[in-house]
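So the structure is just underneath, and the comments pick up after that.
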Amino acid sequence: MKTLQINTTQNVKINFEMANVGQRLLAFVIDNIIKIAYIYLLTRIVDIDSIIRNIERDNWSKAAVEILFLLPITFYTLYSEVLMNGQTLGKKVVNIKVINFEGFKPSFLDYTIRWFMRMVDFNFFILVFILLYNTMNESNLYMILYLIFLIGKMLGFFMIILTKNNQRIGDFAANTVVVSLKDKANFSRTILEEIKEDYKPQFSNVIKLSDNDVRIIKDTFVKAKRNKDYNTLIKLRTKIEEVTTIKKPKELTDVNFIDTILKDFNYYTQD
């Protein structure tokens with residue numbers, strides 16, 4: 001199993017287990033089953049052919065209608081990874097996710113680049129096929145597009161197998177990798193915290209803490225919270241207040257306060 005060591009902007013070395021080609025292929029199959037199910041249900045509920053026949057315009061307008069119906073699956077990967085923190089439904093089932101090379105959640109631009117480079121993927125060529133078929137109406141388009149689609153899939157398949165970090169073209173372009181989440185402890189042992197893009201920090205003085213301080217705080221915090229060791233939580237909170245000169249607000253519990261400290265540290269040191 002391939003592993004990747006990431007040296008974060010906080011100078012923390014993290015070892016990630018790479019998602020292998022089998023995991024990514026299974027996630028791809030699951031996602032495409034979902035897309036096919038969407039098309040099946042759409043054709044059962046909506047009489048697309050009737051709508052197209054009622055359009056008394058050129059073939060471009062008819063193609064536009066068909067493309068409109070396919071937009072949800074065309075952008076499926078993009079909006080899924082953005083909304084589900086680097087996962088599609090297929091990736092979630094297989095327990096893999098997309099991260100960037102700093103170990104953080106990719107930006108919206110990263111996801112967009114990664115999605116755009118899926119031009120060799122199924123959805124893009126369905127749209128191309130509809131467009132060309134309705135405007136040119138050549139009988140050999142099916143075979144041509146099928147071959148292009150097959151070549152594209154094989155290219156991505158072999159790149160995942162042969163590249164050092166199991167990256168396809170989109171991963172290289174967006175500076176991302178796909179990692180396995182099966183070893184949950186690998187993530188919990190890091191000082192990284194999941195924060196939303198619109199996260200608002202509360203305590204700027206957290207920068208007085210060192211990386212090593214935060215590692216110790218997080219390790220102690222996780223253990224104390226798991227064991228409901230409130231005495232340790234109080235001591236930990238007191239130590240944080242002493243080092244950072246931050247006083248815990250009355251409205252926050254010790255758990256909420258320490259959790260906020262970890263998130264704020266991540267916020268101020270991730271860039």
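Residues are named by chain letter and number: chains run A, B, ... in the order of the structure tokens, numbers start at 1 in each chain, and ligands are numbered from 1 in the order shown.
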Using only C-alpha atoms, determine which residues lie at most 12 Å from Thr238 in chain A, disregarding the query and same-chain residues fewer than 3 positions distant; provide the list as a list in words.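 Selected residues are Ile217, Asn231, Thr232, Leu233, Ile234, Lys235, Glu241, Glu242, Val243, Thr244, Thr245, Ile246, Lys247, Lys248, Asp254, Phe257 and Ile258 of chain A.
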Emit the selected residues as a CSV table (one decimal), in the first residue's frame, including all heavy atoms.
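In the end it all went to selection-v4.csv:
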chain,number,residue,atom,x,y,z
A,217,ILE,N,-1.6,19.4,23.5
A,217,ILE,CA,-3.0,19.8,23.9
A,217,ILE,C,-4.0,18.9,23.2
A,217,ILE,O,-4.9,18.4,23.9
A,217,ILE,CB,-3.3,21.3,23.5
A,217,ILE,CG1,-2.4,22.2,24.3
A,217,ILE,CG2,-4.7,21.6,23.6
A,217,ILE,CD1,-2.4,23.7,23.9
A,231,ASN,N,-11.1,16.7,35.5
A,231,ASN,CA,-9.9,17.3,36.2
A,231,ASN,C,-8.8,17.6,35.2
A,231,ASN,O,-8.2,18.7,35.3
A,231,ASN,CB,-9.4,16.4,37.3
A,231,ASN,CG,-10.4,16.3,38.5
A,231,ASN,OD1,-11.1,17.2,38.8
A,231,ASN,ND2,-10.4,15.1,39.2
A,232,THR,N,-8.5,16.7,34.3
A,232,THR,CA,-7.5,16.9,33.3
A,232,THR,C,-7.9,18.1,32.4
A,232,THR,O,-7.1,18.9,32.0
A,232,THR,CB,-7.2,15.7,32.5
A,232,THR,OG1,-6.7,14.7,33.4
A,232,THR,CG2,-6.2,15.9,31.4
A,233,LEU,N,-9.2,18.1,32.0
A,233,LEU,CA,-9.7,19.2,31.2
A,233,LEU,C,-9.5,20.6,31.8
A,233,LEU,O,-9.1,21.6,31.2
A,233,LEU,CB,-11.1,19.0,30.8
A,233,LEU,CG,-11.4,17.8,29.8
A,233,LEU,CD1,-12.9,17.6,29.7
A,233,LEU,CD2,-10.8,18.1,28.4
A,234,ILE,N,-9.7,20.6,33.1
A,234,ILE,CA,-9.6,21.9,33.9
A,234,ILE,C,-8.1,22.3,33.9
A,234,ILE,O,-7.8,23.5,33.7
A,234,ILE,CB,-10.1,21.7,35.3
A,234,ILE,CG1,-11.6,21.6,35.3
A,234,ILE,CG2,-9.7,22.9,36.2
A,234,ILE,CD1,-12.2,21.2,36.6
A,235,LYS,N,-7.2,21.3,34.2
A,235,LYS,CA,-5.8,21.6,34.2
A,235,LYS,C,-5.3,22.1,32.8
A,235,LYS,O,-4.5,23.0,32.7
A,235,LYS,CB,-5.0,20.4,34.6
A,235,LYS,CG,-5.2,20.0,36.1
A,235,LYS,CD,-4.5,18.7,36.4
A,235,LYS,CE,-4.7,18.3,37.9
A,235,LYS,NZ,-4.1,17.0,38.2
A,241,GLU,N,-4.6,29.0,29.3
A,241,GLU,CA,-4.8,30.4,29.7
A,241,GLU,C,-3.5,31.0,30.2
A,241,GLU,O,-3.3,32.2,29.9
A,241,GLU,CB,-5.9,30.4,30.9
A,241,GLU,CG,-7.3,30.1,30.4
A,241,GLU,CD,-8.3,30.1,31.6
A,241,GLU,OE1,-7.9,29.7,32.7
A,241,GLU,OE2,-9.4,30.6,31.4
A,242,GLU,N,-2.7,30.2,30.9
A,242,GLU,CA,-1.4,30.7,31.4
A,242,GLU,C,-0.5,31.1,30.2
A,242,GLU,O,0.2,32.1,30.2
A,242,GLU,CB,-0.8,29.7,32.3
A,242,GLU,CG,0.5,30.1,32.9
A,242,GLU,CD,1.1,28.9,33.7
A,242,GLU,OE1,0.4,28.2,34.3
A,242,GLU,OE2,2.4,28.8,33.7
A,243,VAL,N,-0.4,30.2,29.3
A,243,VAL,CA,0.6,30.4,28.2
A,243,VAL,C,0.1,31.4,27.2
A,243,VAL,O,0.9,32.3,26.7
A,243,VAL,CB,0.8,29.0,27.4
A,243,VAL,CG1,1.7,29.3,26.2
A,243,VAL,CG2,1.4,28.0,28.4
A,244,THR,N,-1.2,31.5,26.9
A,244,THR,CA,-1.7,32.4,25.8
A,244,THR,C,-2.2,33.7,26.4
A,244,THR,O,-2.5,34.6,25.6
A,244,THR,CB,-2.8,31.7,25.0
A,244,THR,OG1,-3.9,31.4,25.9
A,244,THR,CG2,-2.3,30.4,24.4
A,245,THR,N,-2.4,33.8,27.7
A,245,THR,CA,-3.1,34.9,28.4
A,245,THR,C,-4.5,35.1,27.9
A,245,THR,O,-5.1,36.2,28.0
A,245,THR,CB,-2.3,36.2,28.2
A,245,THR,OG1,-2.4,36.6,26.8
A,245,THR,CG2,-0.9,36.1,28.6
A,246,ILE,N,-5.1,34.0,27.4
A,246,ILE,CA,-6.5,34.0,27.0
A,246,ILE,C,-7.3,33.6,28.1
A,246,ILE,O,-7.0,32.5,28.7
A,246,ILE,CB,-6.7,33.1,25.7
A,246,ILE,CG1,-6.0,33.6,24.5
A,246,ILE,CG2,-8.2,33.1,25.4
A,246,ILE,CD1,-6.0,32.6,23.4
A,247,LYS,N,-8.4,34.3,28.5
A,247,LYS,CA,-9.3,33.9,29.5
A,247,LYS,C,-10.5,33.2,28.9
A,247,LYS,O,-11.1,33.8,28.0
A,247,LYS,CB,-9.7,35.1,30.4
A,247,LYS,CG,-8.5,35.7,31.2
A,247,LYS,CD,-7.9,34.6,32.1
A,247,LYS,CE,-6.7,35.2,32.9
A,247,LYS,NZ,-6.0,34.2,33.7
A,248,LYS,N,-10.9,32.1,29.5
A,248,LYS,CA,-12.1,31.4,28.9
A,248,LYS,C,-13.3,32.2,29.2
A,248,LYS,O,-13.6,32.6,30.3
A,248,LYS,CB,-12.2,30.0,29.6
A,248,LYS,CG,-13.4,29.2,29.1
A,248,LYS,CD,-13.6,27.9,29.8
A,248,LYS,CE,-14.1,28.1,31.2
A,248,LYS,NZ,-15.6,28.6,31.2
A,254,ASP,N,-15.3,24.1,29.3
A,254,ASP,CA,-13.8,23.8,29.0
A,254,ASP,C,-13.7,23.0,27.7
A,254,ASP,O,-12.7,23.3,27.0
A,254,ASP,CB,-13.3,22.9,30.2
A,254,ASP,CG,-13.1,23.7,31.5
A,254,ASP,OD1,-13.1,24.9,31.4
A,254,ASP,OD2,-13.1,23.0,32.6
A,257,PHE,N,-14.1,25.5,24.9
A,257,PHE,CA,-13.0,26.4,24.9
A,257,PHE,C,-11.7,25.8,24.2
A,257,PHE,O,-11.1,26.4,23.3
A,257,PHE,CB,-12.6,26.9,26.3
A,257,PHE,CG,-11.4,27.7,26.4
A,257,PHE,CD1,-11.4,29.0,25.9
A,257,PHE,CD2,-10.3,27.2,27.0
A,257,PHE,CE1,-10.3,29.8,26.0
A,257,PHE,CE2,-9.1,28.0,27.2
A,257,PHE,CZ,-9.1,29.3,26.7
A,258,ILE,N,-11.4,24.6,24.7
A,258,ILE,CA,-10.2,23.9,24.1
A,258,ILE,C,-10.4,23.6,22.6
A,258,ILE,O,-9.5,23.8,21.8
A,258,ILE,CB,-9.9,22.7,24.9
A,258,ILE,CG1,-9.6,23.0,26.4
A,258,ILE,CG2,-8.7,21.9,24.3
A,258,ILE,CD1,-9.5,21.8,27.3
So which one's closest to Lys263 in chain A, A:Gly22, A:Pro106, A:Pro201, A:Pro249? Using only C-alpha atoms, please.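 Between A:Gly22, A:Pro106, A:Pro201, A:Pro249, the residue approaching Lys263 in chain A most closely is A:Pro201.
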Just checking: using only C-alpha atoms, which residue out of A:Tyr79, A:Phe69, A:Tyr267, A:Tyr199 ends up closest to Leu109 in chain A?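 The answer is A:Tyr79, which sits nearest to Leu109 in chain A.
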Between CA of Met117 in chain A and CA of Met18 in chain A, what is the distance, to one decimal in Å?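 Going from CA of Met117 in chain A over to CA of Met18 in chain A covers 20.4 Å.
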Enumerate the residues of range 154-263 of chain A with a DSSP assignment of strand (DSSP E or B), computed from the backbone, and present them as a PyMOL selection string. chain A and resi 176-180
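Interatomic distance, CA of Met159 in chain A against CA of Val21 in chain A: 9.6 Å.
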At most 9 Å is the cut-off: for each residue in range 167-248 of chain A with any atom that close to an atom of range 86-94 of chain A, write down the nearest atom pair and the distance in Å rounded to one decimal, counting only C-alpha atoms, chain first then increasing number, as JSON lines.
{"residue": "A:Val178", "atom": "CA", "partner": "A:Gly86", "partner_atom": "CA", "distance": 8.8}
{"residue": "A:Ser180", "atom": "CA", "partner": "A:Val94", "partner_atom": "CA", "distance": 8.5}
{"residue": "A:Leu181", "atom": "CA", "partner": "A:Val94", "partner_atom": "CA", "distance": 8.9}
File of the preceding selection, N, CA, C and O atoms, as a compact mmCIF listing (two decimals), in the first residue's frame:
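Saved the output as part.txt:
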# COMPACT_ATOMS: atom_id res chain seq x y z
N VAL A 178 -5.93 11.53 -3.48
CA VAL A 178 -7.06 10.84 -2.87
C VAL A 178 -6.50 9.86 -1.85
O VAL A 178 -5.66 9.04 -2.17
N SER A 180 -7.07 7.28 1.78
CA SER A 180 -7.98 6.38 2.47
C SER A 180 -8.24 6.89 3.87
O SER A 180 -7.34 7.37 4.55
N LEU A 181 -9.49 6.78 4.31
CA LEU A 181 -9.86 7.20 5.66
C LEU A 181 -10.04 6.01 6.60
O LEU A 181 -10.54 6.15 7.70
Just want the 10 Å neighbourhood of Tyr76 in chain A, counted on only C-alpha atoms, with same-chain residues fewer than 6 positions away dropped. Output as a PyMOL selection string. chain A and resi 31-32+34-35+70+88-89+115+123
Take the residues that were just selected and, keeping N, CA and C atoms, output them as a PDB file, in the first residue's frame.
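Saved as out.pdb:
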ATOM      1  N   ASP A  31     -20.693   5.843  -8.136  1.00  0.00           N
ATOM      2  CA  ASP A  31     -21.144   7.164  -8.581  1.00  0.00           C
ATOM      3  C   ASP A  31     -21.868   7.080  -9.918  1.00  0.00           C
ATOM      4  N   ASN A  32     -21.372   6.235 -10.807  1.00  0.00           N
ATOM      5  CA  ASN A  32     -22.016   6.122 -12.114  1.00  0.00           C
ATOM      6  C   ASN A  32     -23.321   5.348 -12.042  1.00  0.00           C
ATOM      7  N   ILE A  34     -25.335   5.763  -9.577  1.00  0.00           N
ATOM      8  CA  ILE A  34     -26.220   6.850  -9.138  1.00  0.00           C
ATOM      9  C   ILE A  34     -26.630   7.714 -10.326  1.00  0.00           C
ATOM     10  N   LYS A  35     -25.675   8.015 -11.209  1.00  0.00           N
ATOM     11  CA  LYS A  35     -25.978   8.835 -12.384  1.00  0.00           C
ATOM     12  C   LYS A  35     -26.951   8.122 -13.327  1.00  0.00           C
ATOM     13  N   LEU A  70     -29.253  17.006 -18.251  1.00  0.00           N
ATOM     14  CA  LEU A  70     -28.085  16.249 -17.801  1.00  0.00           C
ATOM     15  C   LEU A  70     -27.130  17.057 -16.916  1.00  0.00           C
ATOM     16  N   THR A  88     -17.576  12.165  -2.841  1.00  0.00           N
ATOM     17  CA  THR A  88     -18.849  11.932  -3.505  1.00  0.00           C
ATOM     18  C   THR A  88     -19.524  10.821  -2.714  1.00  0.00           C
ATOM     19  N   LEU A  89     -20.734  10.445  -3.104  1.00  0.00           N
ATOM     20  CA  LEU A  89     -21.397   9.338  -2.411  1.00  0.00           C
ATOM     21  C   LEU A  89     -20.587   8.051  -2.564  1.00  0.00           C
ATOM     22  N   TRP A 115     -12.398  18.811 -11.285  1.00  0.00           N
ATOM     23  CA  TRP A 115     -13.592  18.398 -12.023  1.00  0.00           C
ATOM     24  C   TRP A 115     -13.441  18.695 -13.517  1.00  0.00           C
ATOM     25  N   ASN A 123     -19.622  11.955 -18.366  1.00  0.00           N
ATOM     26  CA  ASN A 123     -20.601  13.022 -18.539  1.00  0.00           C
ATOM     27  C   ASN A 123     -20.241  13.964 -19.670  1.00  0.00           C
TER      28      ASN A 123
END
Tell me, in Å to one decimal, how far CA of Asp198 in chain A is from CA of Gln5 in chain A.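 Value for the CA of Asp198 in chain A-CA of Gln5 in chain A distance: 28.1 Å.
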